[in-house]
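Asker: Have a look at this one.
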2 protein chains.
Amino acid sequence: MSANSRLTIAAHTLTWIGLYQRRGHEVATSEQIATSVNTNPVVIRRLLGDLRKAGLAGSRRGAGAGWMLVRDLAAITLLDVYQAIEPGPVFALHRATPNPECVVGHGIGPAMTAVYDDVEAALRRELAKTTLEDVLRDVLKAA
Amino acid sequence: MSANSRLTIAAHTLTWIGLYQRRGHEVATSEQIATSVNTNPVVIRRLLGDLRKAGLAGSRRGAGAGWMLVRDLAAITLLDVYQAIEPGPVFALHRATPNPECVVGHGIGPAMTAVYDDVEAALRRELAKTTLEDVLRDVLKAA
DNA sequence: TAGGGTTGTAATAGCTATGGTTACGACTAA
DNA sequence: TTAGTCGTAACCATAGCTATTACAACCCTA
């Protein structure tokens with residue numbers, strides 16, 4: 001499984017903006033966030049672009065530009081973030097259609113789809129349990 | 001998320017062998033399985049190699065060679081298969097260590113790890129609910 | 001109105017995982 | 001001895017993610 005860190009980076013980014021705003025700042029720049037995440041600002045901007053499409057983040061251009069939250073941390077679950085940045089499923093069926101003249105080849109697709117649907121549902125239920133407010137609390141507790 | 005079809009192919013392969021054996025044959029060849037899956041025999045042999053390491057499949061060499069199940073279909077869950085072929089986690093932390101001098105950069109790792117552990121546990125619970133016997137039943141029902 | 005800082009996005013490159021293919025030695029029943 | 005299959009290495013193609021450079025678009029401020 002090619003594990004990816006997009007959810008981690010997205011949660012980090014939104015949590016950072018949330019904390020920064022609570023400390024009195026209006027907007028955060030991709031440069032500042034990238035310094036905390038330890039990556040390139042463009043990576044952050046691209047990710048925030050997806051989060052903006054999902055209505056989780058907003059941006060301001062020109063001088064004094066930057067990013068802000070659209071919803072409060074407590075109103076954003078990790079499921080919201082996940083759905084904003086991960087379009088595809090965790091498991092895939094066959095790349096090439098299996099032999100339809102074989103009993104197994106013919107019936108395995110629907111059988112596995114049913115299982116995968118349940119697995120994805122369980123994964124989403126679990127992600128929905130945690131809000132970014134919870135994440136921030138854990139983060140501050142560790143300090 | 002780069003969805004992969006390894007679990008699908010593995011379940012297909014083991015189910016195929018199980019059905020083939022119930023029809024009176026001792027072993028199945030990677031060639032036969034590959035025809036049903038619609039892929040190359042080497043792909044099947046590589047996958048079965050992993051499944052053998054996990055004690056789910058066995059092989060016989062020489063003339064009249066081929067693959068057989070070590071356990072009955074009813075004694076193999078999709079979790080067993082998943083663990084045999086997927087070493088890594090679904091979600092990853094940062095590729096590069098985040099800035100430890102930032103509160104968020106310092107605490108985000110443990111916070112997300114706790115969530116990811118719960119998600120993986122839920123995923124495993126879900127996969128453990130289905131045996132290959134269940135899969136075969138679904139497959140035959142669809143015919 | 002000019003300057004400067006930041007967004008928004010395209011283009012490119014590197015890395016890793018996966019899948020497909022060819023090749024060939026190892027093995028063993030017949 | 002032969003034939004059929006495993007076991008595995010080698011190589012290539014594809015896809016997704018990350019990193020980086022570059023630059024136009026934007027808009028506040030002086």
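Residue numbers start at 1 in each chain; chains themselves are named A, B, ... in the order of the structure tokens; ligands are numbered from 1 in the order shown.
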Using DSSP on the backbone, list every residue of region 28-134 of chain A that comes out as strand (DSSP E), and give them as a list in words.
Answerer: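 These are the residues in question: Ala57, Gly58, Ser59, Arg60, Gly66, Trp67, Met68 and Leu69 of chain A.
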Asker: Could you write out that same residue set with N, CA and C atoms as a PDB file, in the first residue's frame?
Answerer:
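result06.pdb, freshly written:
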ATOM      1  N   ALA A  57     -11.157  26.132   3.843  1.00  0.00           N
ATOM      2  CA  ALA A  57     -10.189  27.219   3.970  1.00  0.00           C
ATOM      3  C   ALA A  57     -10.533  28.314   2.967  1.00  0.00           C
ATOM      4  N   GLY A  58      -9.986  29.512   3.211  1.00  0.00           N
ATOM      5  CA  GLY A  58     -10.188  30.623   2.299  1.00  0.00           C
ATOM      6  C   GLY A  58      -8.878  31.360   2.139  1.00  0.00           C
ATOM      7  N   SER A  59      -8.767  32.168   1.105  1.00  0.00           N
ATOM      8  CA  SER A  59      -7.519  32.899   0.896  1.00  0.00           C
ATOM      9  C   SER A  59      -7.809  34.351   0.525  1.00  0.00           C
ATOM     10  N   ARG A  60      -6.799  35.182   0.674  1.00  0.00           N
ATOM     11  CA  ARG A  60      -6.876  36.593   0.333  1.00  0.00           C
ATOM     12  C   ARG A  60      -5.641  36.913  -0.477  1.00  0.00           C
ATOM     13  N   GLY A  66      -2.905  35.874   2.357  1.00  0.00           N
ATOM     14  CA  GLY A  66      -2.712  34.697   3.186  1.00  0.00           C
ATOM     15  C   GLY A  66      -3.957  33.836   3.245  1.00  0.00           C
ATOM     16  N   TRP A  67      -3.903  32.880   4.139  1.00  0.00           N
ATOM     17  CA  TRP A  67      -4.989  31.905   4.254  1.00  0.00           C
ATOM     18  C   TRP A  67      -5.674  31.975   5.609  1.00  0.00           C
ATOM     19  N   MET A  68      -6.956  31.670   5.626  1.00  0.00           N
ATOM     20  CA  MET A  68      -7.684  31.632   6.895  1.00  0.00           C
ATOM     21  C   MET A  68      -8.670  30.467   6.886  1.00  0.00           C
ATOM     22  N   LEU A  69      -9.166  30.123   8.072  1.00  0.00           N
ATOM     23  CA  LEU A  69     -10.172  29.071   8.174  1.00  0.00           C
ATOM     24  C   LEU A  69     -11.537  29.640   7.814  1.00  0.00           C
TER      25      LEU A  69
END
Asker: Got a sec: who's within 12 Å of DC24 (chain C), counting only C-alpha atoms (C1' of nucleotides), leaving out chain neighbours fewer than 3 positions off, as a PyMOL selection string?
Answerer: chain D and resi 6-10
Asker: I need the chosen residues saved as an mmCIF file, in the first residue's frame, with C-alpha atoms (C1' of nucleotides).
Answerer:
data_model
loop_
_atom_site.group_PDB
_atom_site.id
_atom_site.type_symbol
_atom_site.label_atom_id
_atom_site.label_comp_id
_atom_site.auth_asym_id
_atom_site.auth_seq_id
_atom_site.Cartn_x
_atom_site.Cartn_y
_atom_site.Cartn_z
ATOM 1 C "C1'" DC D 6 7.855 -23.263 -9.736
ATOM 2 C "C1'" DG D 7 10.935 -19.468 -8.015
ATOM 3 C "C1'" DT D 8 13.129 -15.468 -8.909
ATOM 4 C "C1'" DA D 9 15.812 -11.939 -11.135
ATOM 5 C "C1'" DA D 10 15.804 -8.205 -14.386
#
Asker: Based on the backbone DSSP call, show me all residues of region 27-112 of chain A assigned alpha helix (DSSP H), as a ChimeraX atom specification.
Answerer: /A:30-37,41-53,78-85,103-112
Asker: Take the selection from the previous step and output its residues with N, CA and C atoms, as a compact mmCIF listing (two decimals), in the first residue's frame.
Answerer:
# COMPACT_ATOMS: atom_id res chain seq x y z
N SER A 30 1.54 30.74 3.20
CA SER A 30 2.00 29.39 2.90
C SER A 30 3.46 29.22 3.30
N GLU A 31 4.18 30.32 3.29
CA GLU A 31 5.59 30.30 3.69
C GLU A 31 5.71 29.93 5.17
N GLN A 32 4.89 30.56 6.00
CA GLN A 32 4.95 30.27 7.43
C GLN A 32 4.57 28.82 7.72
N ILE A 33 3.50 28.38 7.07
CA ILE A 33 3.03 27.01 7.29
C ILE A 33 4.08 26.01 6.83
N ALA A 34 4.68 26.30 5.66
CA ALA A 34 5.68 25.39 5.11
C ALA A 34 6.87 25.25 6.06
N THR A 35 7.19 26.31 6.77
CA THR A 35 8.30 26.26 7.72
C THR A 35 7.98 25.29 8.86
N SER A 36 6.73 25.30 9.30
CA SER A 36 6.34 24.39 10.38
C SER A 36 6.27 22.95 9.89
N VAL A 37 5.74 22.77 8.68
CA VAL A 37 5.58 21.43 8.12
C VAL A 37 6.91 20.87 7.62
N PRO A 41 6.56 25.76 0.11
CA PRO A 41 5.30 26.52 0.18
C PRO A 41 4.29 26.12 -0.91
N VAL A 42 4.77 25.74 -2.07
CA VAL A 42 3.85 25.37 -3.14
C VAL A 42 3.05 24.13 -2.78
N VAL A 43 3.67 23.21 -2.06
CA VAL A 43 2.96 22.02 -1.61
C VAL A 43 1.79 22.43 -0.74
N ILE A 44 2.03 23.38 0.12
CA ILE A 44 0.98 23.87 1.03
C ILE A 44 -0.11 24.59 0.24
N ARG A 45 0.28 25.42 -0.70
CA ARG A 45 -0.72 26.16 -1.48
C ARG A 45 -1.61 25.23 -2.27
N ARG A 46 -1.02 24.19 -2.86
CA ARG A 46 -1.82 23.23 -3.64
C ARG A 46 -2.82 22.52 -2.74
N LEU A 47 -2.35 22.11 -1.57
CA LEU A 47 -3.22 21.42 -0.64
C LEU A 47 -4.33 22.34 -0.17
N LEU A 48 -3.97 23.58 0.16
CA LEU A 48 -4.97 24.55 0.61
C LEU A 48 -5.97 24.86 -0.50
N GLY A 49 -5.52 24.76 -1.75
CA GLY A 49 -6.44 24.95 -2.86
C GLY A 49 -7.55 23.90 -2.83
N ASP A 50 -7.18 22.64 -2.56
CA ASP A 50 -8.18 21.58 -2.46
C ASP A 50 -9.10 21.81 -1.27
N LEU A 51 -8.50 22.26 -0.17
CA LEU A 51 -9.29 22.49 1.04
C LEU A 51 -10.25 23.66 0.85
N ARG A 52 -9.84 24.62 0.03
CA ARG A 52 -10.73 25.75 -0.25
C ARG A 52 -11.93 25.30 -1.08
N LYS A 53 -11.66 24.42 -2.08
CA LYS A 53 -12.75 23.89 -2.90
C LYS A 53 -13.79 23.20 -2.03
N LEU A 78 -11.78 15.11 10.78
CA LEU A 78 -10.76 14.56 9.89
C LEU A 78 -11.40 13.93 8.66
N LEU A 79 -12.68 13.53 8.80
CA LEU A 79 -13.39 13.00 7.63
C LEU A 79 -13.60 14.11 6.60
N ASP A 80 -13.93 15.30 7.07
CA ASP A 80 -14.08 16.44 6.15
C ASP A 80 -12.78 16.67 5.38
N VAL A 81 -11.69 16.64 6.12
CA VAL A 81 -10.38 16.88 5.50
C VAL A 81 -10.06 15.76 4.52
N TYR A 82 -10.29 14.53 4.95
CA TYR A 82 -10.02 13.36 4.11
C TYR A 82 -10.79 13.45 2.80
N GLN A 83 -12.05 13.77 2.89
CA GLN A 83 -12.87 13.83 1.68
C GLN A 83 -12.48 14.99 0.77
N ALA A 84 -11.90 16.02 1.37
CA ALA A 84 -11.48 17.17 0.56
C ALA A 84 -10.23 16.87 -0.26
N ILE A 85 -9.43 15.95 0.21
CA ILE A 85 -8.14 15.74 -0.46
C ILE A 85 -7.92 14.35 -1.04
N VAL A 103 -16.34 -18.69 -13.31
CA VAL A 103 -17.30 -18.37 -12.24
C VAL A 103 -16.71 -17.36 -11.26
N VAL A 104 -15.47 -17.60 -10.87
CA VAL A 104 -14.84 -16.70 -9.92
C VAL A 104 -14.58 -15.34 -10.57
N GLY A 105 -14.05 -15.37 -11.78
CA GLY A 105 -13.76 -14.13 -12.48
C GLY A 105 -15.01 -13.28 -12.67
N HIS A 106 -16.11 -13.95 -12.82
CA HIS A 106 -17.38 -13.24 -13.04
C HIS A 106 -17.96 -12.66 -11.77
N GLY A 107 -17.83 -13.39 -10.66
CA GLY A 107 -18.51 -12.95 -9.44
C GLY A 107 -17.65 -12.24 -8.41
N ILE A 108 -16.34 -12.26 -8.61
CA ILE A 108 -15.46 -11.71 -7.56
C ILE A 108 -15.59 -10.20 -7.42
N GLY A 109 -15.84 -9.51 -8.51
CA GLY A 109 -15.94 -8.05 -8.46
C GLY A 109 -17.01 -7.57 -7.50
N PRO A 110 -18.26 -7.95 -7.75
CA PRO A 110 -19.33 -7.55 -6.83
C PRO A 110 -19.09 -8.00 -5.40
N ALA A 111 -18.54 -9.21 -5.23
CA ALA A 111 -18.30 -9.72 -3.88
C ALA A 111 -17.32 -8.83 -3.13
N MET A 112 -16.24 -8.46 -3.78
CA MET A 112 -15.24 -7.63 -3.11
C MET A 112 -15.73 -6.19 -2.94
Asker: What does the distance from CA of Thr113 (chain A) to CA of Tyr116 (chain B) come to in Å, to one decimal?
Answerer: 23.3 Å
Asker: Would you write out, as CSV, a table of all residues in chain B that have an atom no more than 6 Å from an atom of chain C, listing for each the closest atom pair and the distance in Å to one decimal, considering only C-alpha atoms (C1' of nucleotides) and ordering rows by chain and rising residue number?
Answerer:
residue,atom,partner,partner_atom,distance
B:Arg61,CA,C:DC27,C1',5.8
B:Gly62,CA,C:DT28,C1',3.7
B:Ala63,CA,C:DA29,C1',4.9
Asker: Could you tell me how far C1' of DG4 (chain D) lies from CA of Asp72 (chain B), in Å and to one decimal?
Answerer: 27.1 Å
Asker: Give me, as a ChimeraX atom specification, the residues of chain A touching chain B, with the criterion being at most 8 Å (counting only C-alpha atoms).
Answerer: /A:1-5,7-9,12,15-16,35-39,86-99,102-108,110-112,115,118-120,122-123,126-127,130,135-136,138-140,142-143
Asker: When you get a sec, could you note down which chain D residues fall within 10 Å of chain A, using only C-alpha atoms (C1' of nucleotides), as a PyMOL selection string?
Answerer: chain D and resi 16-20+25-29
Asker: What is the distance, in Å and to one decimal place, between C1' of DC23 (chain D) and CA of Leu14 (chain A)?
Answerer: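 Going from C1' of DC23 (chain D) over to CA of Leu14 (chain A), I get 27.2 Å.
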